[in-house]
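A.B. asks: Data: input.txt, compact mmCIF, C-alpha atoms.
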```txt
# COMPACT_ATOMS: atom_id res chain seq x y z
CA MET L 736 161.03 145.84 26.06
CA THR L 737 159.57 144.40 22.87
CA THR L 738 162.14 143.55 20.21
CA ALA L 739 161.86 142.75 16.51
CA LEU L 740 164.13 139.99 15.29
CA SER L 741 165.99 140.12 12.00
CA GLY L 742 164.85 136.90 10.33
CA ALA L 743 167.61 136.63 7.75
CA ASP L 744 170.62 135.87 9.94
CA PRO L 745 170.16 133.87 13.17
CA ASP L 746 173.31 135.46 14.58
CA ALA L 747 172.16 139.00 13.86
CA SER L 748 171.19 141.07 16.87
CA ALA L 749 167.63 142.15 17.39
CA THR L 750 166.75 145.82 17.27
CA SER L 751 164.37 147.69 19.47
CA PRO L 752 161.59 149.97 18.09
CA GLY L 753 163.91 152.93 18.74
CA GLY L 754 166.61 151.46 16.51
CA ARG L 755 168.96 150.50 19.34
CA PRO L 756 170.57 147.04 19.00
CA SER L 757 169.66 144.27 21.42
CA ALA L 758 171.91 141.51 22.75
CA VAL L 759 169.13 138.92 22.26
CA THR L 760 169.40 137.04 18.96
CA ALA L 761 167.17 134.52 17.26
CA ARG L 762 169.61 131.77 18.20
CA ASP L 763 169.38 132.79 21.85
CA LEU L 764 165.61 132.59 21.70
CA ALA L 765 165.79 129.17 20.01
CA ARG L 766 167.99 127.93 22.85
CA ALA L 767 165.81 129.40 25.58
CA THR L 768 164.31 127.08 28.16
CA ALA L 769 160.74 128.12 27.32
CA THR L 770 161.31 127.32 23.63
CA ARG L 771 162.71 123.89 24.45
CA GLN L 772 159.78 123.20 26.75
CA ARG L 773 157.29 124.10 24.02
CA ARG L 774 159.07 121.84 21.55
CA GLY L 775 159.19 119.02 24.07
CA ALA L 776 155.50 119.41 24.87
CA ARG L 777 154.66 119.39 21.16
CA PHE L 778 156.75 116.27 20.58
CA ARG L 779 155.21 114.43 23.54
CA LEU L 780 151.73 115.37 22.42
CA TRP L 781 152.24 114.07 18.88
CA ALA L 782 154.09 110.93 19.98
CA GLY L 783 151.43 110.15 22.58
CA THR L 784 148.65 110.71 20.08
CA VAL L 785 150.25 108.32 17.60
CA CYS L 786 150.83 105.62 20.24
CA THR L 787 147.30 105.95 21.59
CA ALA L 788 145.74 105.93 18.13
CA LEU L 789 147.65 102.77 17.18
CA VAL L 790 145.79 100.98 19.97
CA VAL L 791 142.45 102.76 20.26
CA LEU L 792 141.51 102.92 16.57
CA PRO L 793 141.96 99.19 15.79
CA VAL L 794 140.14 98.31 19.02
CA ALA L 795 137.25 100.62 18.18
CA LEU L 796 137.02 99.25 14.62
CA ALA L 797 137.49 95.59 15.58
CA GLY L 798 133.95 94.73 14.52
CA LEU L 799 134.49 96.19 11.04
CA LEU L 800 137.91 94.69 10.32
CA PRO L 801 138.18 91.39 8.36
CA LEU L 802 139.23 89.33 11.38
CA PRO L 803 138.35 85.75 12.36
CA ASP L 804 135.92 85.14 15.17
CA ALA L 805 137.67 85.81 18.46
CA ASP L 806 136.14 82.66 20.02
CA ALA L 807 136.48 80.31 17.02
CA GLN L 808 138.71 77.37 18.02
CA ASP L 809 140.86 75.26 15.68
CA LEU L 810 143.07 72.81 17.57
CA SER L 811 144.89 71.84 14.38
CA ARG L 812 146.27 75.39 14.15
CA ARG L 813 147.03 76.08 17.79
CA ARG L 814 150.05 78.13 18.87
CA LEU L 815 150.98 79.30 15.41
CA PRO L 816 153.73 81.96 15.50
CA PRO L 817 153.13 85.55 14.38
CA LEU L 818 152.99 86.32 10.65
CA SER L 819 151.48 82.90 9.94
CA GLU L 820 149.08 82.58 7.04
CA GLY L 821 145.82 84.26 8.00
CA HIS L 822 147.02 85.10 11.54
CA LEU L 823 149.09 88.26 11.87
CA PHE L 824 149.70 87.80 15.62
CA GLY L 825 149.55 84.01 15.49
CA THR L 826 147.12 81.82 17.43
CA ASP L 827 146.73 80.86 21.08
CA GLN L 828 146.70 77.48 22.79
CA LEU L 829 143.21 76.71 21.46
CA GLY L 830 143.82 77.85 17.89
CA ARG L 831 142.02 81.18 18.27
CA ASP L 832 143.30 84.21 16.36
CA LEU L 833 145.37 86.23 18.83
CA LEU L 834 144.95 89.59 17.06
CA SER L 835 141.18 89.23 17.05
CA ARG L 836 141.17 88.34 20.75
CA ILE L 837 143.41 91.30 21.61
CA LEU L 838 141.25 93.79 19.71
CA HIS L 839 137.92 92.46 20.99
CA GLY L 840 139.33 92.10 24.50
CA GLY L 841 140.54 95.68 24.31
CA GLN L 842 136.96 96.84 23.85
CA VAL L 843 136.08 95.47 27.27
CA SER L 844 139.24 96.81 28.93
CA LEU L 845 138.91 100.28 27.41
CA THR L 846 135.18 100.45 28.17
CA VAL L 847 135.82 99.65 31.82
CA GLY L 848 138.70 102.14 31.94
CA VAL L 849 136.83 105.01 30.28
CA LEU L 850 133.69 104.57 32.38
CA ALA L 851 135.76 104.29 35.56
CA VAL L 852 137.71 107.52 34.95
CA LEU L 853 134.53 109.41 34.00
CA VAL L 854 132.82 108.39 37.23
CA SER L 855 135.91 109.01 39.35
CA GLY L 856 136.45 112.37 37.64
CA LEU L 857 132.91 113.54 38.39
CA ILE L 858 133.11 112.42 42.01
CA GLY L 859 136.59 113.82 42.55
CA ILE L 860 135.92 117.21 40.95
CA ALA L 861 132.64 117.67 42.83
CA ALA L 862 134.05 116.62 46.22
CA GLY L 863 137.35 118.48 45.82
CA ALA L 864 135.69 121.68 44.60
CA ALA L 865 133.23 121.68 47.49
CA ALA L 866 135.97 121.01 50.04
CA GLY L 867 138.27 123.72 48.71
CA PHE L 868 135.64 126.40 48.23
CA PHE L 869 133.43 126.04 51.30
CA GLY L 870 136.01 124.72 53.78
CA GLY L 871 134.82 124.07 57.33
CA TRP L 872 133.10 120.78 58.01
CA VAL L 873 132.83 120.00 54.28
CA ASP L 874 136.59 120.15 53.93
CA SER L 875 137.05 118.08 57.08
CA VAL L 876 134.72 115.31 55.92
CA VAL L 877 136.25 115.09 52.43
CA SER L 878 139.80 115.20 53.81
CA ARG L 879 139.11 112.42 56.31
CA LEU L 880 137.59 110.25 53.54
CA LEU L 881 140.65 110.87 51.38
CA GLU L 882 143.04 109.94 54.17
CA ALA L 883 141.06 106.81 55.07
CA GLN L 884 140.99 105.52 51.50
CA LEU L 885 144.62 106.37 50.74
CA ALA L 886 145.66 104.41 53.83
CA LEU L 887 144.19 101.18 52.39
CA PRO L 888 146.20 98.92 50.03
CA LEU L 889 144.68 99.58 46.61
CA LEU L 890 144.85 96.14 45.01
CA MET L 891 143.82 94.30 48.16
CA MET L 892 140.81 96.59 48.53
CA LEU L 893 139.80 95.96 44.91
CA LEU L 894 140.10 92.20 45.31
CA LEU L 895 138.03 92.28 48.51
CA VAL L 896 135.20 94.29 46.98
CA VAL L 897 135.13 92.15 43.83
CA ALA L 898 135.05 88.99 45.96
CA LEU L 899 132.08 90.36 47.92
CA PHE L 900 129.96 91.64 45.02
CA GLY L 901 131.08 89.46 42.11
CA PRO L 902 133.38 90.10 39.13
CA SER L 903 130.92 91.81 36.79
CA VAL L 904 131.73 94.69 34.47
CA THR L 905 129.55 97.08 36.49
CA VAL L 906 131.13 96.15 39.82
CA ILE L 907 134.68 96.41 38.48
CA THR L 908 133.93 99.79 36.89
CA CYS L 909 132.51 101.17 40.14
CA VAL L 910 135.35 99.71 42.20
CA ILE L 911 138.05 101.29 40.03
CA ALA L 912 136.16 104.60 40.01
CA VAL L 913 135.94 104.64 43.81
CA ALA L 914 139.62 103.74 44.04
CA GLN L 915 140.71 106.64 41.81
CA TRP L 916 138.59 109.58 42.92
CA PRO L 917 140.97 110.71 45.76
CA GLU L 918 143.67 111.75 43.29
CA VAL L 919 141.25 113.97 41.37
CA ALA L 920 139.75 115.36 44.57
CA ARG L 921 143.14 116.30 46.06
CA LEU L 922 144.22 118.22 42.97
CA THR L 923 140.82 119.90 42.55
CA ARG L 924 140.82 121.00 46.19
CA SER L 925 144.26 122.60 45.89
CA LEU L 926 143.29 124.39 42.67
CA VAL L 927 140.06 125.74 44.18
CA LEU L 928 141.92 126.96 47.27
CA VAL L 929 144.02 129.14 44.97
CA GLU L 930 141.12 130.30 42.81
CA ARG L 931 138.83 131.35 45.66
CA GLU L 932 141.35 133.98 46.79
CA LYS L 933 141.43 135.73 43.42
CA PRO L 934 139.69 139.09 42.80
CA TYR L 935 137.01 137.77 40.48
CA VAL L 936 135.55 135.63 43.28
CA ALA L 937 135.26 138.69 45.52
CA ALA L 938 133.73 140.61 42.61
CA ALA L 939 131.16 137.85 42.11
CA ARG L 940 130.21 137.97 45.78
CA VAL L 941 129.84 141.76 45.61
CA LEU L 942 127.47 141.30 42.68
CA GLY L 943 125.26 139.17 44.91
CA LEU L 944 125.99 135.69 43.58
CA ARG L 945 125.69 132.82 46.01
CA GLY L 946 128.55 130.49 46.86
CA VAL L 947 127.22 127.57 44.80
CA SER L 948 126.69 129.83 41.80
CA VAL L 949 130.17 131.32 42.09
CA LEU L 950 131.67 127.84 42.36
CA GLY L 951 129.74 126.34 39.46
CA ARG L 952 129.78 129.26 37.02
CA HIS L 953 133.18 130.86 37.61
CA VAL L 954 135.56 128.77 39.73
CA VAL L 955 135.03 125.31 38.23
CA PRO L 956 135.49 126.49 34.59
CA ASN L 957 138.92 127.82 35.58
CA ILE L 958 140.13 124.58 37.15
CA ILE L 959 138.40 122.04 34.89
CA ARG L 960 141.26 121.94 32.39
CA PRO L 961 144.09 120.86 34.76
CA ALA L 962 141.67 118.58 36.62
CA SER L 963 140.62 116.89 33.37
CA LEU L 964 144.28 116.23 32.57
CA VAL L 965 144.59 114.20 35.76
CA VAL L 966 141.46 112.29 34.76
CA LEU L 967 143.09 111.53 31.40
CA LEU L 968 146.24 110.24 33.10
CA LEU L 969 144.08 108.02 35.30
CA LEU L 970 142.85 106.21 32.18
CA ALA L 971 146.18 104.39 31.92
CA GLN L 972 145.99 103.43 35.60
CA ALA L 973 142.39 102.21 35.20
CA VAL L 974 143.37 99.96 32.28
CA LEU L 975 146.28 98.58 34.30
CA LEU L 976 144.04 97.91 37.30
CA GLU L 977 141.45 96.12 35.16
CA SER L 978 144.19 94.06 33.53
CA ALA L 979 145.65 93.17 36.93
CA LEU L 980 142.25 92.06 38.23
CA SER L 981 141.64 89.98 35.10
CA PHE L 982 145.09 88.43 35.36
CA LEU L 983 144.34 87.39 38.95
CA GLY L 984 140.98 85.93 37.92
CA ALA L 985 138.87 88.71 39.47
CA GLY L 986 138.05 90.54 36.23
CA PRO L 987 135.05 90.21 33.94
CA GLN L 988 134.31 86.53 33.52
CA ARG L 989 133.98 84.62 30.27
CA PRO L 990 132.89 85.10 27.50
CA PHE L 991 134.64 88.49 27.96
CA ALA L 992 138.23 88.30 26.69
CA THR L 993 140.15 91.06 28.44
CA TRP L 994 143.85 91.83 28.08
CA GLY L 995 144.67 90.55 31.54
CA ARG L 996 142.86 87.26 30.94
CA ILE L 997 144.65 86.75 27.61
CA ILE L 998 148.01 87.16 29.38
CA SER L 999 146.89 84.88 32.22
CA ASP L 1000 145.82 82.14 29.79
CA GLY L 1001 149.13 82.31 27.92
CA GLN L 1002 151.53 82.41 30.88
CA ASP L 1003 151.87 78.61 30.93
CA TYR L 1004 153.32 78.69 27.42
CA ILE L 1005 155.66 81.66 27.82
CA THR L 1006 158.81 79.58 27.28
CA THR L 1007 157.56 77.94 24.07
CA SER L 1008 155.02 80.48 22.69
CA TRP L 1009 156.31 83.88 23.73
CA TRP L 1010 153.78 85.83 21.64
CA LEU L 1011 150.84 84.73 23.80
CA VAL L 1012 152.08 87.00 26.61
CA THR L 1013 154.41 89.44 24.88
CA LEU L 1014 152.05 90.85 22.25
CA PRO L 1015 149.13 91.65 24.63
CA GLY L 1016 151.66 93.13 27.06
CA LEU L 1017 153.12 95.34 24.34
CA VAL L 1018 149.63 96.59 23.45
CA ILE L 1019 148.97 97.54 27.08
CA ALA L 1020 152.38 99.20 27.37
CA LEU L 1021 151.84 101.15 24.14
CA LEU L 1022 148.48 102.47 25.37
CA VAL L 1023 149.84 103.43 28.79
CA VAL L 1024 152.85 105.22 27.33
CA GLY L 1025 150.68 107.02 24.77
CA VAL L 1026 148.14 108.24 27.31
CA ASN L 1027 150.90 109.44 29.65
CA LEU L 1028 152.67 111.31 26.85
CA VAL L 1029 149.43 112.99 25.77
CA GLY L 1030 148.68 114.00 29.35
CA ASP L 1031 152.17 115.38 29.91
CA GLY L 1032 152.10 117.32 26.64
CA LEU L 1033 148.70 118.84 27.37
CA ARG L 1034 149.75 119.71 30.93
CA ASP L 1035 152.81 121.61 29.70
CA ARG L 1036 150.74 123.47 27.12
CA THR L 1037 148.03 124.51 29.59
CA ARG L 1038 150.44 125.97 32.13
CA THR L 1039 150.35 129.26 30.23
CA ALA L 1040 146.72 128.99 29.14
CA ARG L 1041 144.41 131.91 29.84
CA ALA L 1042 141.17 131.78 31.72
CA PRO L 1043 138.17 130.56 29.68
CA ARG L 1044 136.47 133.26 27.69
CA GLY L 1045 133.20 134.54 28.99
CA THR L 1046 133.93 133.82 32.65
CA LEU L 1047 134.12 136.53 35.27
CA ALA L 1048 137.80 135.74 35.81
CA SER L 1049 138.72 136.66 32.23
CA ARG L 1050 136.70 139.89 32.39
CA VAL L 1051 138.26 140.97 35.70
CA THR L 1052 141.73 140.10 34.39
CA LYS L 1053 141.17 142.15 31.22
CA GLY L 1054 139.87 145.08 33.24
CA ALA L 1055 142.88 144.98 35.56
CA SER L 1056 145.30 144.90 32.62
CA ARG L 1057 143.60 147.89 30.97
CA SER L 1058 143.79 149.94 34.14
```
Could you express the structure from this file as structure tokens?

C.D. replies:
Amino acid sequence: MTTALSGADPDASATSPGGRPSAVTARDLARATATRQRRGARFRLWAGTVCTALVVLPVALAGLLPLPDADAQDLSRRRLPPLSEGHLFGTDQLGRDLLSRILHGGQVSLTVGVLAVLVSGLIGIAAGAAAGFFGGWVDSVVSRLLEAQLALPLLMMLLLVVALFGPSVTVITCVIAVAQWPEVARLTRSLVLVEREKPYVAAARVLGLRGVSVLGRHVVPNIIRPASLVVLLLLAQAVLLESALSFLGAGPQRPFATWGRIISDGQDYITTSWWLVTLPGLVIALLVVGVNLVGDGLRDRTRTARAPRGTLASRVTKGASRS
């Protein structure tokens, strides 16, 4: 039964359209689990956006900011602490501005991460959608590939491939993309298995649409939103993997200054110059936390989202509700 709340007093009881009082009050609604979840999702979304913007915006605008050259060395000013004159984050062991190196190195790390998740997202969505919708031998082949790759140690596999083909930006991007596609494929397959049993898929088949057309025009638009959220969450993992490879010496080689290489170069001075390792690590942690908060907030908000407008699913759902 639909109730209208009296907005003046939060303790006042709601009344129904027939004038009968209701036991549900505005305070009860404010304390409801769904209300708390919406508030929590909103808070996580805003907090994640702020944390991510604090990292992404300065990195994207590094070439426009009045910063020293990231590779300019000055041995007379080496290992200056943060907040020194002209060096907000201090300098490293060769007298290079640490803030400039972090921002310019972040361009390489974020570029590798973004390209890797885009490639892995495309591969995972395509393979998972085909496996879930068509089943049969397609599902068997994709499932066996998923199981084979998930059985391998991730970091050891990455190091092996990089050692075989060289530590270039292209190779590392492709390696991380291949390492991440099973997570997207598994989720996409489970979503498509649910969607293909819904009435709008049967209606599309009755209308004479082929399987590929039904999958591409009607099923994929309904699962692309939750699948894209997983791709967004994989961005944090891709950045961490690139940083780990760079820290171990298997990342993009010089002159690229990545976050992992900056931490690796400064680990010998961690007891005397803590900022060489701590500040790049805090930047990575801030980005990872921000991306995860944004992904969690968007996931909670899309749980109650409707089907995309214009698809057959939304039209069949509207027709069923009217009848």

A.B. asks: Counting only C-alpha atoms, what is within 12 Å of Gly1030 in chain L, bar same-chain residues fewer than 5 positions away, as an MDAnalysis selection string?

C.D. replies: chainID L and resid 776:777 779:784 787 960:971 1023:1025 1035:1037

A.B. asks: Tell me, as an MDAnalysis selection string, which residues lie within 7 Å of range 854-871 of chain L, counting all atoms listed in the file; anything in the same chain fewer than 6 positions away does not count.

C.D. replies: chainID L and resid 877 912:913 915:917 919:921 923:925 927:928 931 966

A.B. asks: Give me, as a list of chain:residue names, all polymer residues having an atom no more than 9 Å from Val904 in chain L, counting only C-alpha atoms and skipping those fewer than 5 positions away in the same chain.

C.D. replies: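 So, after excluding close chain neighbours, the residues are L:Val843, L:Val847, L:Cys909, L:Gly986, L:Pro987, L:Gln988.
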
A.B. asks: Which residue gives the smallest distance to Gln842 in chain L among L:Thr993, L:Gln808, L:Thr1006, L:Asn1027, with only C-alpha atoms counted?

C.D. replies: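 Among the listed residues, the smallest separation from Gln842 in chain L belongs to L:Thr993.
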
A.B. asks: Using all atoms listed in the file, pick whichever of L:Val936, L:Leu845, L:Leu1028, L:Leu815 has the shortest atom-to-atom distance to Leu792 in chain L.

C.D. replies: L:Leu845

A.B. asks: Give me the residues within 12 Å of Val910 in chain L as number ranges by chain, counting all atoms listed in the file and dropping any in the same chain fewer than 3 places off.

C.D. replies: L: 847-848, 850-852, 854-855, 889-907, 913-916, 973, 976-977, 980, 985-986

A.B. asks: Of the candidates L:Ala805, L:Ala797, L:Leu975, L:Ala886, which shows the shortest atom-to-atom distance to Leu1022 in chain L, using all atoms listed in the file?

C.D. replies: L:Leu975

A.B. asks: So that I can see what lies close to Asp1003 in chain L, please list as JSON, numbers by chain the residues with an atom at most 10 Å from it, counting only C-alpha atoms and leaving out residues fewer than 6 positions away in the same chain.

C.D. replies: {"L": [828, 1009, 1011, 1012]}

A.B. asks: Restricting it to C-alpha atoms, dump the selection as an mmCIF file, in the coordinates of the input.

C.D. replies:
```cif
data_model
loop_
_atom_site.group_PDB
_atom_site.id
_atom_site.type_symbol
_atom_site.label_atom_id
_atom_site.label_comp_id
_atom_site.auth_asym_id
_atom_site.auth_seq_id
_atom_site.Cartn_x
_atom_site.Cartn_y
_atom_site.Cartn_z
ATOM 1 C CA GLN L 828 146.700 77.480 22.790
ATOM 2 C CA TRP L 1009 156.310 83.880 23.730
ATOM 3 C CA LEU L 1011 150.840 84.730 23.800
ATOM 4 C CA VAL L 1012 152.080 87.000 26.610
#
```

A.B. asks: Point out the residue among L:Leu799, L:Ile997, L:Leu853, L:Val974 with the least atom-to-atom distance to Ile837 in chain L, counting all atoms listed in the file.

C.D. replies: L:Ile997

A.B. asks: Report, in Å to a single decimal, how far apart CA of Asp809 in chain L and CA of Arg836 in chain L are.

C.D. replies: 14.0 Å

A.B. asks: Box for range 773-785 of chain L - axis-aligned, 6 Å on each of the six sides, all listed atoms - centre and size in Å to one decimal, as AutoDock Vina command-line options.

C.D. replies:
```
--center_x 153.9 --center_y 116.2 --center_z 21.2 --size_x 22.5 --size_y 27.8 --size_z 19.3
```

A.B. asks: Just give me the gap between CA of Ala937 in chain L and CA of His953 in chain L in Å, one decimal is fine.

C.D. replies: 11.3 Å

A.B. asks: Interatomic distance between CA of Leu881 in chain L and CA of Asn957 in chain L?

C.D. replies: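 These two atoms are separated by 23.2 Å.
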